[in-house]
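input.cif (mmCIF, C-alpha atoms) appears below.
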data_upload
loop_
_atom_site.label_atom_id
_atom_site.label_comp_id
_atom_site.auth_asym_id
_atom_site.auth_seq_id
_atom_site.Cartn_x
_atom_site.Cartn_y
_atom_site.Cartn_z
CA MET A 1 -33.02 -17.80 -0.42
CA ALA A 2 -33.65 -14.89 1.95
CA GLN A 3 -30.54 -13.26 0.53
CA ILE A 4 -32.10 -13.11 -2.89
CA ALA A 5 -34.93 -10.89 -1.77
CA VAL A 6 -32.52 -7.97 -1.43
CA ALA A 7 -30.94 -8.55 -4.85
CA GLY A 8 -30.60 -4.82 -5.43
CA LYS A 9 -28.14 -4.41 -2.56
CA GLN A 10 -26.00 -7.40 -3.43
CA LYS A 11 -22.31 -6.98 -4.06
CA TRP A 12 -22.13 -8.55 -7.50
CA TRP A 13 -18.33 -8.41 -7.78
CA GLU A 14 -17.55 -10.27 -4.56
CA GLY A 15 -16.98 -13.45 -6.51
CA GLY A 16 -18.69 -16.80 -6.39
CA LYS A 17 -21.61 -15.62 -8.53
CA SER A 18 -22.29 -14.30 -11.98
CA PRO A 19 -21.85 -10.52 -11.88
CA PHE A 20 -24.16 -10.07 -14.87
CA ASN A 21 -26.83 -12.37 -13.48
CA VAL A 22 -27.71 -13.59 -16.94
CA GLU A 23 -27.31 -16.91 -18.71
CA TYR A 24 -24.33 -17.33 -21.06
CA GLY A 25 -26.23 -17.70 -24.31
CA LYS A 26 -28.45 -14.74 -23.58
CA LEU A 27 -25.46 -12.54 -22.78
CA MET A 28 -23.74 -13.59 -25.99
CA MET A 29 -26.92 -12.86 -27.95
CA TRP A 30 -26.81 -9.34 -26.49
CA TYR A 31 -23.19 -8.91 -27.58
CA PHE A 32 -23.97 -10.23 -31.02
CA LEU A 33 -26.85 -7.77 -31.31
CA MET A 34 -24.59 -4.94 -30.19
CA SER A 35 -22.10 -5.78 -32.95
CA ASP A 36 -24.97 -6.02 -35.43
CA ALA A 37 -26.14 -2.60 -34.27
CA PHE A 38 -22.74 -1.24 -35.27
CA THR A 39 -23.05 -2.86 -38.70
CA PHE A 40 -26.44 -1.26 -39.28
CA GLY A 41 -25.15 1.96 -37.72
CA ALA A 42 -22.27 2.03 -40.20
CA PHE A 43 -24.70 1.56 -43.10
CA LEU A 44 -27.08 4.26 -41.94
CA ILE A 45 -24.31 6.71 -41.07
CA SER A 46 -22.66 6.25 -44.48
CA TYR A 47 -26.08 6.96 -46.00
CA GLY A 48 -26.28 10.12 -43.86
CA THR A 49 -22.77 11.18 -44.84
CA VAL A 50 -23.50 10.85 -48.55
CA ARG A 51 -26.80 12.63 -48.14
CA PHE A 52 -25.12 15.50 -46.29
CA ALA A 53 -22.57 15.67 -49.10
CA SER A 54 -25.27 16.03 -51.79
CA ASN A 55 -26.89 19.24 -53.01
CA GLY A 56 -30.25 17.55 -53.55
CA TRP A 57 -32.13 14.42 -52.56
CA PRO A 58 -35.44 12.80 -53.67
CA ASP A 59 -38.56 13.43 -51.61
CA PRO A 60 -39.71 10.28 -49.74
CA ASN A 61 -43.32 11.52 -49.79
CA HIS A 62 -43.12 11.29 -53.57
CA VAL A 63 -41.10 8.09 -53.94
CA PHE A 64 -43.07 5.99 -51.45
CA ASN A 65 -46.61 6.98 -52.39
CA SER A 66 -48.13 3.72 -53.63
CA MET A 67 -50.30 0.99 -52.18
CA PRO A 68 -51.18 -2.46 -53.53
CA PHE A 69 -54.60 -2.56 -55.26
CA MET A 70 -54.84 1.26 -55.17
CA GLY A 71 -53.56 1.99 -58.69
CA HIS A 72 -52.10 5.48 -59.11
CA ALA A 73 -53.69 7.00 -56.01
CA ASN A 74 -51.24 9.27 -54.18
CA LEU A 75 -50.92 7.75 -50.70
CA PRO A 76 -47.60 8.84 -49.25
CA LEU A 77 -46.24 6.69 -46.42
CA VAL A 78 -49.47 4.71 -45.95
CA PHE A 79 -48.05 1.38 -47.08
CA VAL A 80 -44.86 1.68 -45.06
CA SER A 81 -46.88 2.55 -41.97
CA ILE A 82 -48.78 -0.71 -42.41
CA MET A 83 -45.43 -2.54 -42.64
CA THR A 84 -44.29 -0.81 -39.44
CA PHE A 85 -47.50 -1.80 -37.70
CA ILE A 86 -47.08 -5.45 -38.76
CA LEU A 87 -43.56 -5.53 -37.33
CA ILE A 88 -44.58 -3.92 -34.01
CA ALA A 89 -47.52 -6.33 -33.70
CA SER A 90 -45.28 -9.34 -34.35
CA SER A 91 -42.91 -8.02 -31.69
CA VAL A 92 -45.79 -8.01 -29.22
CA THR A 93 -46.74 -11.61 -30.03
CA MET A 94 -43.07 -12.54 -29.59
CA VAL A 95 -42.99 -11.03 -26.06
CA LEU A 96 -46.20 -12.88 -25.27
CA ALA A 97 -44.58 -16.14 -26.47
CA VAL A 98 -41.65 -15.45 -24.11
CA GLY A 99 -44.14 -14.80 -21.31
CA GLU A 100 -45.91 -18.11 -21.98
CA GLY A 101 -42.48 -19.74 -21.88
CA HIS A 102 -41.91 -18.30 -18.40
CA ALA A 103 -45.24 -19.85 -17.37
CA LYS A 104 -44.09 -23.14 -19.04
CA ASN A 105 -47.28 -23.15 -21.09
CA LYS A 106 -46.32 -25.10 -24.21
CA LYS A 107 -49.59 -24.48 -26.05
CA GLY A 108 -49.38 -20.72 -25.48
CA VAL A 109 -45.80 -20.62 -26.78
CA ILE A 110 -46.82 -22.50 -29.92
CA ASN A 111 -49.75 -20.19 -30.63
CA TYR A 112 -47.80 -16.98 -30.17
CA MET A 113 -44.80 -18.28 -32.13
CA ILE A 114 -47.10 -19.08 -35.05
CA ALA A 115 -48.53 -15.55 -34.86
CA THR A 116 -45.01 -14.08 -34.82
CA ILE A 117 -43.94 -16.14 -37.83
CA ILE A 118 -47.03 -15.05 -39.77
CA GLY A 119 -46.23 -11.42 -38.93
CA GLY A 120 -42.67 -11.84 -40.20
CA ILE A 121 -43.84 -13.43 -43.44
CA LEU A 122 -46.41 -10.65 -43.95
CA PHE A 123 -43.68 -8.05 -43.51
CA LEU A 124 -41.45 -9.81 -46.03
CA GLY A 125 -44.37 -9.98 -48.46
CA CYS A 126 -44.95 -6.24 -48.10
CA GLN A 127 -41.29 -5.55 -48.71
CA ALA A 128 -41.26 -7.79 -51.77
CA TRP A 129 -44.21 -5.83 -53.15
CA GLU A 130 -42.53 -2.51 -52.46
CA TRP A 131 -39.28 -3.57 -54.12
CA HIS A 132 -41.18 -4.95 -57.09
CA HIS A 133 -43.17 -1.74 -57.44
CA LEU A 134 -40.06 0.45 -57.27
CA HIS A 135 -38.33 -1.82 -59.77
CA GLU A 136 -41.24 -1.41 -62.17
CA GLN A 137 -40.89 2.36 -61.85
CA GLY A 138 -37.28 1.98 -62.97
CA ALA A 139 -35.53 2.08 -59.59
CA TRP A 140 -32.79 -0.44 -58.82
CA TRP A 141 -29.15 -0.50 -57.82
CA GLY A 142 -27.51 1.92 -60.26
CA ARG A 143 -30.80 3.33 -61.58
CA ASN A 144 -32.80 6.18 -60.11
CA PRO A 145 -35.85 7.54 -61.95
CA PHE A 146 -36.78 10.01 -59.19
CA MET A 147 -35.96 13.70 -59.42
CA ASN A 148 -34.58 15.57 -56.45
CA PHE A 149 -37.00 17.49 -54.31
CA ASP A 150 -36.03 20.82 -55.90
CA GLY A 151 -36.39 19.40 -59.43
CA THR A 152 -32.70 18.83 -60.09
CA GLN A 153 -31.20 15.63 -61.45
CA SER A 154 -30.61 13.09 -58.69
CA SER A 155 -27.75 10.62 -58.48
CA THR A 156 -28.09 6.87 -57.95
CA ASN A 157 -26.96 7.19 -54.32
CA PHE A 158 -30.56 7.25 -53.17
CA THR A 159 -31.60 3.93 -54.70
CA ASN A 160 -28.25 2.26 -53.95
CA PHE A 161 -28.56 3.01 -50.25
CA PHE A 162 -32.28 2.26 -50.14
CA PHE A 163 -32.00 -1.20 -51.68
CA THR A 164 -28.81 -2.12 -49.81
CA ILE A 165 -30.07 -1.13 -46.36
CA THR A 166 -33.67 -2.31 -46.65
CA GLY A 167 -32.29 -5.46 -48.31
CA PHE A 168 -29.91 -6.07 -45.41
CA HIS A 169 -32.75 -5.49 -42.96
CA GLY A 170 -35.08 -7.75 -44.95
CA PHE A 171 -32.41 -10.46 -44.86
CA HIS A 172 -32.35 -10.13 -41.07
CA VAL A 173 -36.14 -10.49 -40.99
CA LEU A 174 -35.83 -13.61 -43.15
CA SER A 175 -33.23 -15.08 -40.77
CA GLY A 176 -35.50 -14.18 -37.85
CA VAL A 177 -38.42 -16.03 -39.46
CA VAL A 178 -36.22 -19.10 -40.02
CA ILE A 179 -34.98 -18.98 -36.40
CA ASN A 180 -38.57 -18.65 -35.17
CA ILE A 181 -39.67 -21.62 -37.29
CA VAL A 182 -36.86 -23.70 -35.79
CA MET A 183 -37.95 -22.60 -32.30
CA LEU A 184 -41.55 -23.52 -33.13
CA ILE A 185 -40.52 -27.00 -34.28
CA MET A 186 -38.41 -27.50 -31.14
CA THR A 187 -41.33 -26.39 -28.97
CA VAL A 188 -43.78 -28.69 -30.73
CA ARG A 189 -41.36 -31.61 -30.31
CA GLY A 190 -41.20 -30.85 -26.59
CA VAL A 191 -37.46 -30.12 -26.48
CA PHE A 192 -37.85 -27.18 -24.11
CA GLU A 193 -40.42 -29.02 -22.03
CA ARG A 194 -37.88 -31.79 -21.36
CA ARG A 195 -35.16 -29.20 -20.74
CA GLY A 196 -37.41 -27.50 -18.20
CA SER A 197 -36.74 -24.03 -19.55
CA TYR A 198 -37.93 -21.97 -22.50
CA LEU A 199 -34.85 -19.74 -22.44
CA MET A 200 -34.18 -20.39 -26.14
CA ILE A 201 -37.46 -18.69 -27.00
CA GLU A 202 -36.20 -15.67 -25.08
CA LYS A 203 -32.94 -15.58 -27.07
CA ALA A 204 -34.79 -15.88 -30.39
CA GLY A 205 -37.08 -13.14 -29.07
CA LEU A 206 -34.12 -10.83 -28.46
CA TYR A 207 -33.07 -11.23 -32.10
CA TRP A 208 -36.60 -10.63 -33.31
CA HIS A 209 -36.99 -7.42 -31.27
CA PHE A 210 -33.66 -6.23 -32.58
CA VAL A 211 -34.99 -6.54 -36.14
CA ASP A 212 -37.93 -4.37 -35.08
CA LEU A 213 -35.52 -1.91 -33.45
CA VAL A 214 -33.48 -1.57 -36.63
CA TRP A 215 -36.65 -0.99 -38.65
CA VAL A 216 -37.51 1.97 -36.38
CA PHE A 217 -34.26 3.63 -37.49
CA VAL A 218 -34.52 2.58 -41.15
CA PHE A 219 -38.08 3.93 -41.21
CA THR A 220 -37.01 7.32 -39.86
CA CYS A 221 -33.91 7.63 -42.07
CA PHE A 222 -35.53 6.67 -45.37
CA TYR A 223 -39.20 7.52 -45.10
CA LEU A 224 -39.38 10.54 -42.79
CA PHE A 225 -36.16 12.57 -43.24
CA MET B 1 -24.95 -18.93 -0.44
CA GLU B 2 -26.58 -17.83 -3.59
CA THR B 3 -25.52 -19.78 -6.62
CA PHE B 4 -26.05 -19.07 -10.26
CA GLU B 5 -28.58 -21.91 -10.39
CA SER B 6 -30.67 -20.36 -7.64
CA VAL B 7 -30.72 -17.05 -9.49
CA LYS B 8 -31.74 -18.87 -12.62
CA ALA B 9 -34.50 -20.69 -10.77
CA LYS B 10 -35.72 -17.39 -9.40
CA HIS B 11 -35.74 -16.01 -12.93
CA ALA B 12 -37.90 -18.86 -14.13
CA GLU B 13 -40.31 -18.52 -11.21
CA GLY B 14 -40.72 -14.88 -12.04
CA ASP B 15 -40.80 -12.44 -9.13
CA GLY B 16 -39.20 -9.06 -9.64
CA HIS B 17 -38.01 -10.17 -13.06
CA GLY B 18 -41.31 -11.76 -13.87
CA PHE B 19 -43.45 -11.33 -16.90
CA ASP B 20 -45.84 -8.41 -16.91
CA LYS B 21 -48.49 -8.58 -19.61
CA LYS B 22 -49.79 -5.13 -18.75
CA ALA B 23 -46.37 -3.56 -19.36
CA VAL B 24 -46.18 -5.30 -22.73
CA MET B 25 -49.55 -3.95 -23.85
CA ARG B 26 -48.65 -0.49 -22.57
CA THR B 27 -45.42 -0.58 -24.60
CA PHE B 28 -47.39 -1.67 -27.66
CA TRP B 29 -49.74 1.31 -27.37
CA VAL B 30 -46.86 3.72 -26.79
CA LEU B 31 -45.09 2.45 -29.92
CA LEU B 32 -48.28 2.56 -31.96
CA ILE B 33 -49.17 6.10 -30.87
CA ILE B 34 -45.65 7.42 -31.55
CA THR B 35 -45.69 5.82 -35.02
CA VAL B 36 -49.09 7.33 -35.81
CA LEU B 37 -47.85 10.75 -34.62
CA GLU B 38 -44.78 10.42 -36.86
CA LEU B 39 -46.98 9.61 -39.82
CA VAL B 40 -49.43 12.44 -39.18
CA VAL B 41 -46.53 14.90 -38.97
CA GLY B 42 -44.77 13.37 -42.00
CA MET B 43 -47.86 13.18 -44.23
CA PHE B 44 -50.03 16.15 -43.33
CA ILE B 45 -48.03 18.75 -41.41
CA ALA B 46 -44.39 18.72 -42.58
CA PRO B 47 -45.15 19.02 -46.36
CA HIS B 48 -46.74 22.44 -45.72
CA PHE B 49 -43.75 23.91 -43.88
CA HIS B 50 -40.64 23.20 -45.95
CA SER B 51 -38.60 25.87 -44.24
CA LEU B 52 -39.01 24.10 -40.91
CA LYS B 53 -37.74 20.75 -42.25
CA LEU B 54 -34.78 20.74 -39.86
CA TRP B 55 -37.05 21.04 -36.83
CA PHE B 56 -39.31 18.28 -38.07
CA ASN B 57 -36.21 16.11 -38.37
CA VAL B 58 -35.32 16.90 -34.74
CA LEU B 59 -38.85 15.84 -33.81
CA TYR B 60 -38.49 12.56 -35.75
CA ILE B 61 -35.20 11.86 -33.96
CA ILE B 62 -36.86 12.36 -30.57
CA PHE B 63 -39.74 10.06 -31.57
CA THR B 64 -37.30 7.45 -32.91
CA LEU B 65 -35.16 7.43 -29.77
CA ALA B 66 -38.28 7.16 -27.60
CA LYS B 67 -39.42 4.11 -29.61
CA ALA B 68 -35.94 2.57 -29.46
CA PHE B 69 -35.86 3.05 -25.69
CA TYR B 70 -39.22 1.34 -25.21
CA ILE B 71 -38.31 -1.60 -27.45
CA VAL B 72 -34.96 -2.19 -25.73
CA ALA B 73 -36.11 -1.56 -22.16
CA GLU B 74 -39.46 -3.38 -22.25
CA PHE B 75 -39.61 -5.83 -25.16
CA MET B 76 -35.97 -6.84 -24.87
CA HIS B 77 -36.26 -6.58 -21.10
CA LEU B 78 -32.94 -4.76 -20.71
CA GLY B 79 -34.51 -2.33 -18.26
CA HIS B 80 -35.00 -5.27 -15.89
CA GLU B 81 -31.46 -6.66 -16.03
CA ILE B 82 -28.89 -5.64 -13.45
CA LYS B 83 -26.84 -2.50 -13.99
CA ASN B 84 -23.51 -4.30 -14.57
CA MET B 85 -24.91 -6.04 -17.61
CA VAL B 86 -26.84 -3.03 -18.94
CA MET B 87 -23.69 -0.92 -18.89
CA THR B 88 -21.67 -3.38 -21.01
CA ILE B 89 -24.31 -2.90 -23.71
CA ALA B 90 -25.11 0.78 -23.23
CA VAL B 91 -21.63 2.26 -22.86
CA PRO B 92 -20.19 0.99 -26.19
CA CYS B 93 -23.30 2.35 -27.93
CA LEU B 94 -22.35 5.83 -26.74
CA LEU B 95 -19.72 5.68 -29.51
CA PHE B 96 -22.60 6.35 -31.90
CA ILE B 97 -22.74 9.94 -30.67
CA TRP B 98 -19.23 10.63 -31.92
CA PHE B 99 -19.74 8.41 -34.95
CA ILE B 100 -22.81 10.30 -36.19
CA THR B 101 -21.48 13.78 -35.40
CA ALA B 102 -18.12 13.21 -37.07
CA PHE B 103 -19.42 11.59 -40.24
CA LEU B 104 -22.30 13.98 -40.91
CA TRP B 105 -19.96 16.90 -40.28
CA ASP B 106 -17.50 15.43 -42.75
CA GLY B 107 -20.22 14.89 -45.36
CA ASN B 108 -21.35 18.48 -45.03
CA SER B 109 -17.78 19.71 -45.30
CA TYR B 110 -17.25 17.62 -48.45
CA LYS B 111 -20.35 19.20 -50.00
CA ASN B 112 -19.05 22.69 -49.25
CA LEU B 113 -15.61 21.85 -50.68
CA LYS B 114 -17.16 20.48 -53.89
CA ASN B 115 -19.43 23.50 -54.31
CA THR B 116 -16.53 25.89 -53.70
CA TYR B 117 -13.80 24.29 -55.80
CA ASP B 118 -15.75 22.41 -58.49
CA PRO B 119 -17.95 24.90 -60.36
CA PHE B 120 -18.92 22.30 -62.95
CA TYR B 121 -20.24 19.97 -60.28
CA LYS B 122 -22.18 22.81 -58.70
CA GLU B 123 -23.68 23.91 -62.02
CA GLN B 124 -24.71 20.35 -62.90
CA SER B 125 -26.30 19.70 -59.52
CA MET B 126 -28.23 22.98 -59.61
CA LYS B 127 -29.62 22.47 -63.13
CA GLN B 128 -33.40 22.18 -63.08
CA VAL B 129 -34.70 19.08 -64.85
CA THR B 130 -38.30 19.71 -63.88
CA LYS B 131 -39.90 22.69 -62.19
CA PRO B 132 -39.65 22.58 -58.40
CA GLY B 133 -42.55 20.62 -57.00
CA GLU B 134 -43.72 19.62 -60.49
CA HIS B 135 -43.13 15.93 -59.86
CA LEU B 136 -45.11 16.11 -56.64
CA LYS B 137 -48.45 16.41 -58.43
CA PRO B 138 -50.62 13.38 -57.78
CA ASN B 139 -51.40 12.33 -61.34
CA HIS B 140 -47.92 12.65 -62.74
CA ALA B 141 -46.89 11.17 -66.05
CA PRO B 142 -45.01 7.88 -65.88
CA GLU B 143 -41.53 8.50 -64.50
CA ALA B 144 -39.83 7.04 -67.54
CA GLU B 145 -41.15 9.77 -69.85
CA LYS B 146 -39.54 12.59 -67.89
CA PRO B 147 -36.61 14.27 -69.57
CA GLY B 148 -33.33 13.30 -68.03
CA ALA B 149 -34.65 10.23 -66.24
CA LEU B 150 -32.06 7.50 -65.99
CA HIS B 151 -32.90 4.10 -67.37
#
Target encoding structure tokens, full file:
Amino acid sequence: MAQIAVAGKQKWWEGGKSPFNVEYGKLMMWYFLMSDAFTFGAFLISYGTVRFASNGWPDPNHVFNSMPFMGHANLPLVFVSIMTFILIASSVTMVLAVGEGHAKNKKGVINYMIATIIGGILFLGCQAWEWHHLHEQGAWWGRNPFMNFDGTQSSTNFTNFFFTITGFHGFHVLSGVVINIVMLIMTVRGVFERRGSYLMIEKAGLYWHFVDLVWVFVFTCFYLF
Amino acid sequence: METFESVKAKHAEGDGHGFDKKAVMRTFWVLLIITVLELVVGMFIAPHFHSLKLWFNVLYIIFTLAKAFYIVAEFMHLGHEIKNMVMTIAVPCLLFIWFITAFLWDGNSYKNLKNTYDPFYKEQSMKQVTKPGEHLKPNHAPEAEKPGALH
């Protein structure tokens, strides 16, 4: 074991050991996430291309200016910032669940997984409200009630991209919540305890952080630019 | 002889690769502060300086990349993996640099072509439906009643 202490100076490609020093499933999760990053990248870049090819575009400060229970008050970006906060907070509870897994503390994992799942459901609820609100204003795929920033007629590109990309992201969040619920059930049933390792929580955690990562880019592209 | 199992066991014990609650909380505060800064700029500062929009966008990109770095390096723990593995993830993502440059350039070029060779398109897209900034007033009429709104 003395060898391990100088891990930084090891020759990883000498053979006889894993050069990536990471478990198979975790590595494959990373490669899956990389491919998923290219899918989201393609969506966001096509949005950017179409936006660069347009003479005008709606103003996000005007489109996203509503809050639940606040009526017609003009509150640009407030609601989406709450959504962003919820997702970051649920990412933190996910890391803490992974940390409890390292310590093999079953109770801690359960508590933090429940917190993460609640955060995911809250985010989905917020998104459902936002979609519903925009739909009531007349926005949907193929319909765009918002004028361009300079007062010219806008095309439906804005709403098409908005609903497609936030929808695709929301679907990822939904899958993440389902995966986390499965992980919670497996933890409660003691599957990982018997296995002696909570590595599965770590893999689910990678997926969950990726969802947060994508939201960072979606947030910038749709709400700030 | 170090085996994969011994490395795995070391992982689980948590030494150099171990779990650091302080680092997690620090990352949380960094992410929160950057997000709040983005919102303050986006809500209160940028709307007053429309001519500087491009520079605000550069600022948002810097903020976004900083957040992405912290999420990947700390939350996803990639900063603590060994270099061999990090490179197989990081190097393919460099393709995004070309990807973004090429496509945005092409979009911009398509806009210029349309505006140059399709006068009807240009005229239609420049036609004012409402006065500039009119729709930005807080207590606007319902969107549906605006002339030219699509239903």
### Query
Any idea what the distance is between atom CA of Tyr112 of chain A and atom CA of Ala97 of chain A?
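Separating atom CA of Tyr112 of chain A from atom CA of Ala97 of chain A is a distance of 5.0 Å.
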### Surrounding residues of Ala73 of chain B excluding itself and chain neighbours under 6 positions, 12 Å, only C-alpha atoms, as a ChimeraX atom specification
/A:206,209-210,213 /B:23-24,27,65-67,79-81,86,89-90
I need the residue set behind the PyMOL selection byres ((chain A and resi 90) around 9) for this file; please write it as a CSV table (one decimal) with C-alpha atoms, in the coordinates of the input.
chain,number,residue,atom,x,y,z
A,85,PHE,CA,-47.5,-1.8,-37.7
A,86,ILE,CA,-47.1,-5.4,-38.8
A,87,LEU,CA,-43.6,-5.5,-37.3
A,88,ILE,CA,-44.6,-3.9,-34.0
A,89,ALA,CA,-47.5,-6.3,-33.7
A,91,SER,CA,-42.9,-8.0,-31.7
A,92,VAL,CA,-45.8,-8.0,-29.2
A,93,THR,CA,-46.7,-11.6,-30.0
A,94,MET,CA,-43.1,-12.5,-29.6
A,95,VAL,CA,-43.0,-11.0,-26.1
A,115,ALA,CA,-48.5,-15.6,-34.9
A,116,THR,CA,-45.0,-14.1,-34.8
A,117,ILE,CA,-43.9,-16.1,-37.8
A,118,ILE,CA,-47.0,-15.0,-39.8
A,119,GLY,CA,-46.2,-11.4,-38.9
A,120,GLY,CA,-42.7,-11.8,-40.2
A,208,TRP,CA,-36.6,-10.6,-33.3
A,212,ASP,CA,-37.9,-4.4,-35.1
### Query
Taking the file as shown, what set of residues would the PyMOL selection byres ((chain A) within 7 of (chain B)) give back, as a VMD selection string?
chain A and resid 17 to 20 34 45 48 to 50 52 to 55 62 74 76 92 95 99 102 137 to 138 143 to 145 149 to 153 206 209 213 216 to 217 220 224 to 225
Writing out the chosen residues with C-alpha atoms as an mmCIF file, in the frame of the given file:
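And here's out-v9.cif as it stands now:
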data_model
loop_
_atom_site.group_PDB
_atom_site.id
_atom_site.type_symbol
_atom_site.label_atom_id
_atom_site.label_comp_id
_atom_site.auth_asym_id
_atom_site.auth_seq_id
_atom_site.Cartn_x
_atom_site.Cartn_y
_atom_site.Cartn_z
ATOM 1 C CA LYS A 17 -21.610 -15.620 -8.530
ATOM 2 C CA SER A 18 -22.290 -14.300 -11.980
ATOM 3 C CA PRO A 19 -21.850 -10.520 -11.880
ATOM 4 C CA PHE A 20 -24.160 -10.070 -14.870
ATOM 5 C CA MET A 34 -24.590 -4.940 -30.190
ATOM 6 C CA ILE A 45 -24.310 6.710 -41.070
ATOM 7 C CA GLY A 48 -26.280 10.120 -43.860
ATOM 8 C CA THR A 49 -22.770 11.180 -44.840
ATOM 9 C CA VAL A 50 -23.500 10.850 -48.550
ATOM 10 C CA PHE A 52 -25.120 15.500 -46.290
ATOM 11 C CA ALA A 53 -22.570 15.670 -49.100
ATOM 12 C CA SER A 54 -25.270 16.030 -51.790
ATOM 13 C CA ASN A 55 -26.890 19.240 -53.010
ATOM 14 C CA HIS A 62 -43.120 11.290 -53.570
ATOM 15 C CA ASN A 74 -51.240 9.270 -54.180
ATOM 16 C CA PRO A 76 -47.600 8.840 -49.250
ATOM 17 C CA VAL A 92 -45.790 -8.010 -29.220
ATOM 18 C CA VAL A 95 -42.990 -11.030 -26.060
ATOM 19 C CA GLY A 99 -44.140 -14.800 -21.310
ATOM 20 C CA HIS A 102 -41.910 -18.300 -18.400
ATOM 21 C CA GLN A 137 -40.890 2.360 -61.850
ATOM 22 C CA GLY A 138 -37.280 1.980 -62.970
ATOM 23 C CA ARG A 143 -30.800 3.330 -61.580
ATOM 24 C CA ASN A 144 -32.800 6.180 -60.110
ATOM 25 C CA PRO A 145 -35.850 7.540 -61.950
ATOM 26 C CA PHE A 149 -37.000 17.490 -54.310
ATOM 27 C CA ASP A 150 -36.030 20.820 -55.900
ATOM 28 C CA GLY A 151 -36.390 19.400 -59.430
ATOM 29 C CA THR A 152 -32.700 18.830 -60.090
ATOM 30 C CA GLN A 153 -31.200 15.630 -61.450
ATOM 31 C CA LEU A 206 -34.120 -10.830 -28.460
ATOM 32 C CA HIS A 209 -36.990 -7.420 -31.270
ATOM 33 C CA LEU A 213 -35.520 -1.910 -33.450
ATOM 34 C CA VAL A 216 -37.510 1.970 -36.380
ATOM 35 C CA PHE A 217 -34.260 3.630 -37.490
ATOM 36 C CA THR A 220 -37.010 7.320 -39.860
ATOM 37 C CA LEU A 224 -39.380 10.540 -42.790
ATOM 38 C CA PHE A 225 -36.160 12.570 -43.240
#
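Note on the selection: in this file the PyMOL selection byres ((chain A and resi 192) around 12) comes out as Gly101, His102, Lys104, Asn105, Lys106, Val109, Ile110, Met183, Leu184, Ile185, Met186, Thr187, Val188, Arg189, Gly190, Val191, Glu193, Arg194, Arg195, Gly196, Ser197, Tyr198, Leu199, Met200, Ile201 and Glu202 of chain A.
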Go ahead and write the residues just picked, C-alpha atoms, as a CSV table (one decimal), in the frame of the given file.
chain,number,residue,atom,x,y,z
A,101,GLY,CA,-42.5,-19.7,-21.9
A,102,HIS,CA,-41.9,-18.3,-18.4
A,104,LYS,CA,-44.1,-23.1,-19.0
A,105,ASN,CA,-47.3,-23.2,-21.1
A,106,LYS,CA,-46.3,-25.1,-24.2
A,109,VAL,CA,-45.8,-20.6,-26.8
A,110,ILE,CA,-46.8,-22.5,-29.9
A,183,MET,CA,-38.0,-22.6,-32.3
A,184,LEU,CA,-41.6,-23.5,-33.1
A,185,ILE,CA,-40.5,-27.0,-34.3
A,186,MET,CA,-38.4,-27.5,-31.1
A,187,THR,CA,-41.3,-26.4,-29.0
A,188,VAL,CA,-43.8,-28.7,-30.7
A,189,ARG,CA,-41.4,-31.6,-30.3
A,190,GLY,CA,-41.2,-30.8,-26.6
A,191,VAL,CA,-37.5,-30.1,-26.5
A,193,GLU,CA,-40.4,-29.0,-22.0
A,194,ARG,CA,-37.9,-31.8,-21.4
A,195,ARG,CA,-35.2,-29.2,-20.7
A,196,GLY,CA,-37.4,-27.5,-18.2
A,197,SER,CA,-36.7,-24.0,-19.6
A,198,TYR,CA,-37.9,-22.0,-22.5
A,199,LEU,CA,-34.8,-19.7,-22.4
A,200,MET,CA,-34.2,-20.4,-26.1
A,201,ILE,CA,-37.5,-18.7,-27.0
A,202,GLU,CA,-36.2,-15.7,-25.1
#### Entry: Option closest in space to Tyr47 of chain A, from A:Trp140, A:Tyr223, A:Phe161, A:Trp215 [counting all atoms listed in the file]
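For Tyr47 of chain A, the nearest of the given residues is A:Phe161.
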### Message
So that I can check the surroundings of Phe163 of chain A, please list as a list of chain:residue names every protein, DNA and RNA residue that reaches within 12 Å of it, counting only C-alpha atoms and ignoring chain neighbours fewer than 6 positions away.
### Response
A:Phe43, A:Tyr47, A:Gln127, A:Ala128, A:Glu130, A:Trp131, A:His132, A:Leu134, A:His135, A:Ala139, A:Trp140, A:Trp141, A:Gly142, A:Arg143, A:Asn144, A:Thr156, A:Asn157, A:His169, A:Gly170, A:Phe171, A:Val218, A:Phe222
### Trp129 of chain A environment, 10 Å, all atoms listed in the file, sequence neighbours closer than 6 positions dropped, as an NGL selection string
:A and (67-68 or 123 or 135)
Residues of the last selection are to be written out with C-alpha atoms, as a PDB file, keeping the file's coordinate frame.
ATOM      1  CA  MET A  67     -50.300   0.990 -52.180  1.00  0.00           C
ATOM      2  CA  PRO A  68     -51.180  -2.460 -53.530  1.00  0.00           C
ATOM      3  CA  PHE A 123     -43.680  -8.050 -43.510  1.00  0.00           C
ATOM      4  CA  HIS A 135     -38.330  -1.820 -59.770  1.00  0.00           C
TER       5      HIS A 135
END
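With all atoms listed in the file taken into account, every residue lying no more than 6 Å from the file point (-37.8, 12.3, -54.0) is included here: Pro58, Asp59, Pro60, His62, Val63, Phe146, Met147, Asn148 and Phe149 of chain A.
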